[in-house]
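Here the structure is laid out as structure tokens; the discussion comes afterwards.
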There are 4 protein chains.
Amino acid sequence: MVSFVSDYITGAHPEVLKALISTNSETLSGYGTDYYCDKAKEKIKAACGIDSGDVYFTVGGTQTNQLVISTMLASYEGVVSPSSGHINVHEAGAVEYTGRKVIELTGEKGKLKSDVLESYLSSFFSDDNREHMVRPGMVYISFPTEYGTLYTKKELESLNMICKNYGLKLFIDGARLAYALASPACDISLKDLPMLCDVFYIGGTKAGALCGEAIVFTHGNTPPHFISQTKQHGALLAKGRVLGVQFDALFSDGLYLKIGEHAIGMAEKLKKLFSEKGYAFFLDSPTNQQFIILENKKMKDLSNYCAFDFWEKYDDEHTVVRFATGWSTSDEDIEELKRCL
Amino acid sequence: MVSFVSDYITGAHPEVLKALISTNSETLSGYGTDYYCDKAKEKIKAACGIDSGDVYFTVGGTQTNQLVISTMLASYEGVVSPSSGHINVHEAGAVEYTGRKVIELTGEKGKLKSDVLESYLSSFFSDDNREHMVRPGMVYISFPTEYGTLYTKKELESLNMICKNYGLKLFIDGARLAYALASPACDISLKDLPMLCDVFYIGGTKAGALCGEAIVFTHGNTPPHFISQTKQHGALLAKGRVLGVQFDALFSDGLYLKIGEHAIGMAEKLKKLFSEKGYAFFLDSPTNQQFIILENKKMKDLSNYCAFDFWEKYDDEHTVVRFATGWSTSDEDIEELKRCL
Amino acid sequence: MVSFVSDYITGAHPEVLKALISTNSETLSGYGTDYYCDKAKEKIKAACGIDSGDVYFTVGGTQTNQLVISTMLASYEGVVSPSSGHINVHEAGAVEYTGRKVIELTGEKGKLKSDVLESYLSSFFSDDNREHMVRPGMVYISFPTEYGTLYTKKELESLNMICKNYGLKLFIDGARLAYALASPACDISLKDLPMLCDVFYIGGTKAGALCGEAIVFTHGNTPPHFISQTKQHGALLAKGRVLGVQFDALFSDGLYLKIGEHAIGMAEKLKKLFSEKGYAFFLDSPTNQQFIILENKKMKDLSNYCAFDFWEKYDDEHTVVRFATGWSTSDEDIEELKRCL
Amino acid sequence: MVSFVSDYITGAHPEVLKALISTNSETLSGYGTDYYCDKAKEKIKAACGIDSGDVYFTVGGTQTNQLVISTMLASYEGVVSPSSGHINVHEAGAVEYTGRKVIELTGEKGKLKSDVLESYLSSFFSDDNREHMVRPGMVYISFPTEYGTLYTKKELESLNMICKNYGLKLFIDGARLAYALASPACDISLKDLPMLCDVFYIGGTKAGALCGEAIVFTHGNTPPHFISQTKQHGALLAKGRVLGVQFDALFSDGLYLKIGEHAIGMAEKLKKLFSEKGYAFFLDSPTNQQFIILENKKMKDLSNYCAFDFWEKYDDEHTVVRFATGWSTSDEDIEELKRCL
């Protein structure tokens with residue numbers, strides 16, 4: 001059965017797999033100190049247009065969010081997130097497990113709006129009781145968001161400036177960054193990101209790697225003893241090469257962007273298909289995740305022919321479902337879907 | 001200058017102080033194992049009409065909330081709170097510091113409504129992704145609430161039944177319980193509470209003690225090794241007698257209720273005063289905290305003559321302020337306030 | 001039955017109690033912002049001979065150790081302690097509860113020796129794998145120690161210099177500081193302490209207060225947002241006056257030292273008594289705690305006539321027990337003890 | 001340069017890699033719910049001879065120790081470890097980060113001796129102050145140990161019985177389990193392990209996988225909501241298939257044992273070599289890690305020709321170094337080493 005359940009339903013992109021195979025028997029040092037990690041870091045820094053930043057590899061998204069947030073925040077600081085933020089909803093309390101509060105602000109289609117943030121911060125910092133409250137120390141957003149939507153460059157600049165004004169850090173979760181950068185609707189490039197935030201990560205797991213995320217600290221602001229803190233979180237991979245080799249491949253010959261572009265192309269075909277068949281979209285997503293409103297009966301029927309993801313209840317009779325494309329989505333998959341609709 | 005800033009602005013009620021004085025030179029064992037702690041526990045259990053429950057003394061409110069919540073929840077469980085809940089706003093993240101998420105639901109005048117709770121729980125327990133989410137393990141409410149409002153017995157029964165249905169615990173923060181029980185608007189007595197929840201605490205600090213809260217586990221559900229866990233939280237008082245002696249006094253001759261009644265009587269006079277002078281109330285509170293909407297200029301003027309507490313911005317030109325009464329509020333204080341208005 | 005169980009078996013010293021009584025009806029602001037807290041802080045700073053340091057009040061010893069250690073250490077740092085250190089043995093894991101490791105070094109009669117510390121630190125900082133290990137960030141010692149013993153000024157200078165050399169902080173637990181300062185064997189005064197460490201606390205609970213400890217950050221090194229962090233630990237007392245008033249009394253007219261001197265005087269009488277009766281001392285303690293080796297049968301007999309504390313097994317037939325004096329120990333108590341021996 | 005630095009210096013065993021390649025394009029569900037995870041779990045249970053136990057996959061060793069210990073212990077319990085235990089020394093405080101104390105007992109060549117454990121537990125459980133102390137809830141040992149040594153079946157039975165008697169759990173860290181099981185000196189098989197402890201893990205990372213460990217809860221004692229807790233630790237892999245496929249391969253056709261046997265065979269050749277050349281062994285290890293005492297000058301020289309691991313200082317003029325073999329160690333490597341010595 002054809003599946004659009006997510007972008008992590010197949011293994012590694014062939015080029016990534018090839019790199020793992022060809023380096024397999026090399027003797028390399030552990031814990032991310034090997035040649036391929038070094039090379040991948042240099043390539044990522046070049047792709048981001050930074051000399052001075054630092055790059056670290058981790059295994060998965062929740063682990064990365066937990067590690068970045070807990071090591072960049074003081075223990076008395078919390079992280080601001082739009083209500084739908086992954087850290088607020090779907091990470092089983094990983095951030096709170098490290099002692100930090102997720103401060104939830106109302107979002108709009110997955111995005112945190114500048115005026116909502118400004119209003120909250122202005123109110124907090126003028127409150128005489130603020131020493132009895134959790135001090136906001138960071139803003140967390142994802143790009144694309146949980147709903148596949150994108151911030152414009154202007155919106156990111158605005159969020160970043162507000163953060164700077166109030167002394168907060170801005171962290172961008174790029175688990176699906178490939179699909180933002182490759183979207184025609186996106187008005188920034190990877191080289192813009194370091195100037196728009198304090199830290200972000202480049203998602204590998206959802207963009208063609210077996211596993212792996214690359215954290216970029218944008219301006220010499222890596223938390224102290226970061227390797228030690230990574231180890232303390234249980235997040236330091238012994239065979240760090242597995243991450244280095246994969247990211248080296250992803251950042252060779254523009255593969256990371258190519259993967260994004262392929263999935264976006266497929267998403268556009270998928271979108272067109274649903275549109276032509278008269279399906280209702282929950283919102284307009286310019287990236288690889290498409291959200292469709294289905295009648296509950298229709299949803300049940302359809303699930304016999306193709307696989308997709310339940311997203312949320314729309315009303316008593318309708319449900320929002322998600323169709324996602326990825327590196328392995330093919331024209332045949334789209335054709336198959338067409339037959340199901 | 002006369003002060004209505006809070007209910008903890010003076011020392012101990014004379015009867016409580018007298019007990020501390022008269023027992024001061026007695027030789028007693030430490031850590032809550034003394035005679036007065038035992039006696040106070042028996043009196044509290046009698047006042048609550050329970051044989052089998054357990055009573056423990058702690059020093060302050062935030063400490064108590066942190067201790068109760070973290071010891072009664074599994075590490076993967078979170079605590080549901082109305083958005084204005086003390087643990088969600090004014091405890092500097094004490095609950096999150098122990099690794100637990102506060103799951104915020106929209107409240108109404110400080111109260112958590114049954115339908116809001118039911119809807120959230122029903123949605124959570126039918127979500128296929130719930131293992132990726134924080135599991136609700138407890139509901140936290142305060143009685144009276146942060147806004148001085150009260151739940152009816154029926155409302156508490158309803159919340160308690162919903163909790164039971166979904167396997168959650170119900171915890172009632174009674175920092176100001178004296179002022180609930182003494183309010184004419186309150187339709188429950190202390191003897192009802194054990195049947196309406198799993199755990200609650202009887203506030204001493206805000207009701208005439210120098211410090212001290214009494215936690216009541218209502219039905220043999222004290223967390224294992226609770227003394228050890230209290231110690232681990234830094235919350236076990238060496239001279240536990242200080243708490244035992246005070247609660248022994250508070251629960252002798254109905255003193256706890258008398259303190260509540262006195263403050264409620266004063267609050268009614270204060271309310272009448274504001275009402276007669278044409279002030280606007282933010283909401284109708286039947287307890288010892290009264291919330292008044294003041295023009296900002298008026299607020300500034302008034303603050304030269306009497307002390308009260310800033311509560312929250314109402315709009316650009318108005319502010320909500322709080323006037324609280326307590327054991328030491330006197331008719332003279334009310335007269336003095338009258339001259340200020 | 002006469003009791004030498006500990007130094008916290010009676011209430012407050014009469015002068016401390018008097019201060020609580022005389023200020024009881026005053027209207028004061030909460031959370032340590034009142035007049036008496038300010039006054040007590042100034043007096044403590046004067047007694048310590050410092051202008052710039054900061055003083056904060058907390059309720060109890062374990063709470064203080066937990067708060068100081070967790071707020072002064074980075075999350076990846078641990079605290080070095082002699083094996084018998086209170087934080088390592090008798091605080092139910094309060095330090096680990098905040099995520100920090102207690103790094104245990106072998107002590108000698110409760111003291112951490114310079115050469116043991118130097119050897120450990122030198123080894124740690126030359127270990128290539130140290131990023132995989134817990135980084136020592138602080139040394140914790142108590143003065144007097146758990147065994148009533150004292151460091152000489154030279155020993156403290158040596159520990160402090162080693163800490164400085166390796167970039168660690170030195171924290172002195174002064175739960176029983178009064179009994180160190182008042183001991184004839186002590187070669188430092190309170191004015192010396194700020195130059196010998198980064199932070200220490202002056203114990204109130206075990207020296208005549210109902211409760212209360214005073215933390216002294218010696219040189220502008222208070223952790224950021226310390227009030228907020230104290231609140232987050234559940235350690236911020238609403239009626240902060242209770243601590244301020246007591247420490248104001250303890251630091252008026254040299255009361256703190258007088259309490260120490262009285263207890264030391266009594267301890268010397270007690271020591272003489274045991275000595276004359278031919279009892280064996282476990283070690284030579286110059287402070288208010290005396291450790292005696294008793295035959296198990298003798299221990300059982302004696303416990304019928306006077307109260308003391310079990311300390312540790314000596315061998316299969318003998319036990320080490322502790323006799324402690326305090327502000328309320330009287331000549332009558334000593335006479336009574338004499339009759340028991 | 002030939003390397004004996006560790007057993008994780010090359011990629012995956014060819015059979016494991018082959019499995020990753022052949023399954024790469026299959027569409028599979030995420031988070032360990034896929035077909036290969038199921039199959040691997042069944043094979044592991046069969047190899048362990050258990051029907052009812054549960055198997056879970058994680059990515060690395062420190063992560064696994066942190067997860068198992070924190071989810072099986074109550075928050076007030078600590079884990080007993082021999083002083084050289086990996087969790088006590090080389091995991092950067094990962095266990096303490098979750099709030100649990102590592103209770104260190106003196107070990108012997110990496111092993112925890114029964115009498116040492118019995119003596120500690122007997123003393124703890126007879127201490128009247130034990131509620132003020134960290135309660136031991138689990139014993140952690142590794143098999144083989146950090147020094148490559150092995151427990152006999154009798155020793156494991158004895159530790160297990162002591163644990164049972166005192167109500168503790170026994171956890172065996174099997175990061176290098178392959179090299180224990182394949183050692184001629186080992187008197188237990190994989191089928192014995194479930195009866196000898198409560199939980200253990202089968203190390204993949206150090207035995208031919210790119211990454212991955214398999215936790216075995218031996219008797220229906222999996223912590224509640226274990227998937228959710230794994231997620232909360234940041235330890236749930238999105239493409240869980242990566243672990244399932246590898247362990248499926250490792251437990252097909254006895255590959256796991258074959259890998260162990262190969263490495264042990266190589267270790268024996270290496271041992272013979274050192275022995276013949278007159279080198280001094282630090283201790284007698286029957287597994288894949290060999291510890292040699294080298295003069296410091298010799299160590300420096302040798303490091304120009306072959307790679308090995310610094311272990312610990314022996315005395316001022318000698319150092320203990322480690323040579324490890326693994327799945328990829330070849331006769332050529334041994335020959336090369338021979339030329340270096």
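Labels for the structure tokens follow display order: chains A, B, ..., residues from 1 in each chain, ligands from 1.
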
Original post:
Near His233 (chain C), within 8 Å and counting only C-alpha atoms, which residues show up once chain neighbours fewer than 4 positions away are dropped, as a VMD selection string?
Top reply: (chain B and resid 63 94 97) or (chain C and resid 67 229)

Subject >> Neighbour list for Thr325 (chain C) as a list in words, cut-off 8 Å, only C-alpha atoms, skip fewer than 3 positions in-chain >> reply: Phe4, Ser6, Asp7, Ala263, Ile264, Met266, Ala267, Asn288, Gln289, Ser328 and Thr329 of chain C

Subject >> Distance filter 8 Å, only C-alpha atoms, chain C against chain A, as a PyMOL selection string >> reply: chain C and resi 76+131-133+225+227-229+231-232

Just to be explicit: take each residue in the selection above, keep N, CA, C and O atoms, and write the result as a PDB file, in the first residue's frame.
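Dumped everything to selection.pdb:
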ATOM      1  N   TYR C  76      26.766  20.629  34.421  1.00  0.00           N
ATOM      2  CA  TYR C  76      27.716  19.542  34.133  1.00  0.00           C
ATOM      3  C   TYR C  76      28.793  19.444  35.206  1.00  0.00           C
ATOM      4  O   TYR C  76      29.731  18.667  35.069  1.00  0.00           O
ATOM      5  N   GLU C 131      36.224  14.946  29.556  1.00  0.00           N
ATOM      6  CA  GLU C 131      34.923  15.411  29.054  1.00  0.00           C
ATOM      7  C   GLU C 131      33.847  14.326  29.203  1.00  0.00           C
ATOM      8  O   GLU C 131      32.668  14.606  29.074  1.00  0.00           O
ATOM      9  N   HIS C 132      34.268  13.097  29.461  1.00  0.00           N
ATOM     10  CA  HIS C 132      33.310  12.016  29.718  1.00  0.00           C
ATOM     11  C   HIS C 132      33.060  11.837  31.216  1.00  0.00           C
ATOM     12  O   HIS C 132      32.358  10.917  31.624  1.00  0.00           O
ATOM     13  N   MET C 133      33.656  12.702  31.993  1.00  0.00           N
ATOM     14  CA  MET C 133      33.548  12.578  33.449  1.00  0.00           C
ATOM     15  C   MET C 133      32.856  13.820  34.028  1.00  0.00           C
ATOM     16  O   MET C 133      32.752  14.844  33.368  1.00  0.00           O
ATOM     17  N   HIS C 225      19.492  36.175  39.618  1.00  0.00           N
ATOM     18  CA  HIS C 225      18.078  35.968  39.953  1.00  0.00           C
ATOM     19  C   HIS C 225      17.934  34.986  41.110  1.00  0.00           C
ATOM     20  O   HIS C 225      17.171  34.028  41.049  1.00  0.00           O
ATOM     21  N   ILE C 227      16.645  35.222  44.065  1.00  0.00           N
ATOM     22  CA  ILE C 227      15.319  35.128  44.689  1.00  0.00           C
ATOM     23  C   ILE C 227      14.425  34.207  43.850  1.00  0.00           C
ATOM     24  O   ILE C 227      13.722  33.335  44.376  1.00  0.00           O
ATOM     25  N   SER C 228      14.491  34.384  42.557  1.00  0.00           N
ATOM     26  CA  SER C 228      13.690  33.546  41.667  1.00  0.00           C
ATOM     27  C   SER C 228      14.103  32.072  41.784  1.00  0.00           C
ATOM     28  O   SER C 228      13.259  31.171  41.835  1.00  0.00           O
ATOM     29  N   GLN C 229      15.398  31.843  41.854  1.00  0.00           N
ATOM     30  CA  GLN C 229      15.872  30.464  41.985  1.00  0.00           C
ATOM     31  C   GLN C 229      15.472  29.875  43.349  1.00  0.00           C
ATOM     32  O   GLN C 229      15.166  28.694  43.454  1.00  0.00           O
ATOM     33  N   LYS C 231      12.803  30.688  45.004  1.00  0.00           N
ATOM     34  CA  LYS C 231      11.377  30.380  44.831  1.00  0.00           C
ATOM     35  C   LYS C 231      11.204  29.062  44.061  1.00  0.00           C
ATOM     36  O   LYS C 231      10.389  28.212  44.419  1.00  0.00           O
ATOM     37  N   GLN C 232      11.971  28.906  43.003  1.00  0.00           N
ATOM     38  CA  GLN C 232      11.881  27.703  42.166  1.00  0.00           C
ATOM     39  C   GLN C 232      12.197  26.435  42.964  1.00  0.00           C
ATOM     40  O   GLN C 232      11.696  25.354  42.647  1.00  0.00           O
TER      41      GLN C 232
END

Original post:
Taking the backbone alone, and naming residues the way the document does, which bits of region 66-264 of chain D are helix (DSSP H, G or I) by DSSP, as a PyMOL selection string?
Top reply: chain D and resi 66-72+86-89+94-97+114-125+130-132+153-166+177-181+193-196+205-207+226-232+241-250+255-264

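Across the model, the gap from CA of Asp127 (chain D) to CA of Lys113 (chain C) is 27.6 Å.
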
Subject >> Among the residues D:Ala214, D:Met1, D:Leu170, D:Ala175, the one that comes closest to Val55 (chain D) [using only C-alpha atoms] >> reply: D:Ala214

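Proximity of C:Arg176, C:Ile188, C:Phe274, C:Ala238 to Gly212 (chain B), computed with only C-alpha atoms, is greatest for C:Ala238.
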
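Backbone DSSP over region 137-225 of chain C yields strand (DSSP E) at C:Gly137, C:Met138, C:Val139, C:Tyr140, C:Ile141, C:Ser142, C:Lys169, C:Leu170, C:Phe171, C:Ile172, C:Asp173, C:Gly174, C:Val199, C:Phe200, C:Tyr201, C:Ile202, C:Gly203, C:Glu213, C:Ala214, C:Ile215, C:Val216, C:Phe217.
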
Please identify all polymer residues within 12 Å of region 46-51 of chain A, counting only C-alpha atoms, omitting same-chain residues fewer than 3 positions from it, and present them as a short mmCIF file (atom, residue, chain, number, x, y, z; two decimals) with N, CA and C atoms, in the first residue's frame.
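Saved the output as result.cif:
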data_model
loop_
_atom_site.label_atom_id
_atom_site.label_comp_id
_atom_site.auth_asym_id
_atom_site.auth_seq_id
_atom_site.Cartn_x
_atom_site.Cartn_y
_atom_site.Cartn_z
N LYS A 39 34.97 16.99 8.32
CA LYS A 39 34.70 17.39 6.94
C LYS A 39 33.25 17.87 6.82
N ALA A 40 32.34 17.14 7.40
CA ALA A 40 30.92 17.51 7.31
C ALA A 40 30.68 18.86 7.98
N LYS A 41 31.33 19.07 9.11
CA LYS A 41 31.17 20.36 9.79
C LYS A 41 31.65 21.51 8.91
N GLU A 42 32.80 21.31 8.25
CA GLU A 42 33.31 22.36 7.38
C GLU A 42 32.34 22.63 6.23
N LYS A 43 31.80 21.58 5.67
CA LYS A 43 30.86 21.75 4.55
C LYS A 43 29.59 22.47 5.00
N ASP A 54 29.82 26.93 15.35
CA ASP A 54 30.16 25.55 15.67
C ASP A 54 29.04 24.62 15.24
N VAL A 55 29.42 23.44 14.81
CA VAL A 55 28.44 22.43 14.38
C VAL A 55 28.63 21.17 15.21
N ILE A 188 14.16 32.85 2.10
CA ILE A 188 15.52 32.88 2.66
C ILE A 188 16.30 31.66 2.20
N SER A 189 17.60 31.77 2.30
CA SER A 189 18.47 30.64 1.98
C SER A 189 19.19 30.21 3.24
N LEU A 190 19.89 29.09 3.15
CA LEU A 190 20.62 28.58 4.32
C LEU A 190 21.62 29.63 4.83
N LYS A 191 22.15 30.42 3.92
CA LYS A 191 23.13 31.44 4.34
C LYS A 191 22.50 32.56 5.15
N ASP A 192 21.19 32.72 5.05
CA ASP A 192 20.53 33.77 5.84
C ASP A 192 20.32 33.34 7.30
N LEU A 193 20.12 32.05 7.49
CA LEU A 193 19.71 31.56 8.82
C LEU A 193 20.62 32.00 9.97
N PRO A 194 21.95 31.89 9.83
CA PRO A 194 22.81 32.27 10.96
C PRO A 194 22.61 33.71 11.42
N MET A 195 22.16 34.56 10.51
CA MET A 195 21.96 35.95 10.92
C MET A 195 20.58 36.17 11.51
N LEU A 196 19.74 35.15 11.44
CA LEU A 196 18.35 35.32 11.88
C LEU A 196 18.07 34.67 13.23
N PHE A 200 20.27 26.88 15.41
CA PHE A 200 19.24 26.14 14.68
C PHE A 200 19.78 24.75 14.42
N TYR A 201 18.91 23.87 14.01
CA TYR A 201 19.46 22.59 13.58
C TYR A 201 18.93 22.18 12.21
N ILE A 202 19.79 21.47 11.51
CA ILE A 202 19.51 21.01 10.16
C ILE A 202 19.11 19.55 10.28
N ALA A 214 22.05 18.17 12.66
CA ALA A 214 23.27 18.99 12.80
C ALA A 214 22.90 20.31 13.47
N ILE A 215 23.40 20.48 14.68
CA ILE A 215 23.14 21.73 15.42
C ILE A 215 24.16 22.78 14.99
N VAL A 216 23.68 23.98 14.68
CA VAL A 216 24.58 25.07 14.32
C VAL A 216 24.45 26.19 15.35
N PHE A 217 25.50 26.39 16.14
CA PHE A 217 25.58 27.56 17.02
C PHE A 217 26.18 28.66 16.16
N THR A 218 25.43 29.75 16.01
CA THR A 218 25.74 30.65 14.90
C THR A 218 26.88 31.64 15.14
N HIS A 219 27.25 31.87 16.39
CA HIS A 219 28.26 32.93 16.59
C HIS A 219 29.07 32.72 17.87
N GLY A 220 29.81 31.61 17.90
CA GLY A 220 30.70 31.41 19.05
C GLY A 220 29.95 31.28 20.37
N PHE A 247 26.19 13.28 7.04
CA PHE A 247 26.10 14.72 6.75
C PHE A 247 27.13 15.16 5.72
N ASP A 248 28.26 14.46 5.70
CA ASP A 248 29.23 14.75 4.64
C ASP A 248 28.58 14.49 3.28
N LEU A 250 25.26 14.41 2.64
CA LEU A 250 24.12 15.33 2.45
C LEU A 250 24.59 16.71 2.00
N PHE A 251 25.79 17.09 2.43
CA PHE A 251 26.29 18.41 2.05
C PHE A 251 27.36 18.36 0.96
N SER A 252 27.36 17.27 0.20
CA SER A 252 28.20 17.19 -0.99
C SER A 252 27.30 17.32 -2.21
N ASP A 253 27.74 18.10 -3.18
CA ASP A 253 26.99 18.25 -4.44
C ASP A 253 25.54 18.70 -4.21
N GLY A 254 25.34 19.47 -3.19
CA GLY A 254 24.00 20.04 -2.97
C GLY A 254 22.91 19.01 -2.71
N LEU A 255 23.29 17.82 -2.20
CA LEU A 255 22.30 16.76 -2.03
C LEU A 255 21.15 17.17 -1.11
N TYR A 256 21.48 17.87 -0.02
CA TYR A 256 20.43 18.23 0.94
C TYR A 256 19.33 19.03 0.27
N LEU A 257 19.70 20.00 -0.52
CA LEU A 257 18.70 20.81 -1.24
C LEU A 257 17.96 19.99 -2.29
#

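Taking CA of Gly203 (chain D) and CA of Asn65 (chain D) as the two end points, the separation is 11.4 Å.
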
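Taking CA of Leu105 (chain B) as the reference point, CA of Leu105 (chain A) is found at 12.6 Å.
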
**OP:** Excluding Leu112 (chain D) and residues on its chain fewer than 5 positions from it, collect all residues at most 9 Å away from it, counting only C-alpha atoms, and give them as a PyMOL selection string.
**Re:** chain D and resi 81-83+105-107+117+141+159
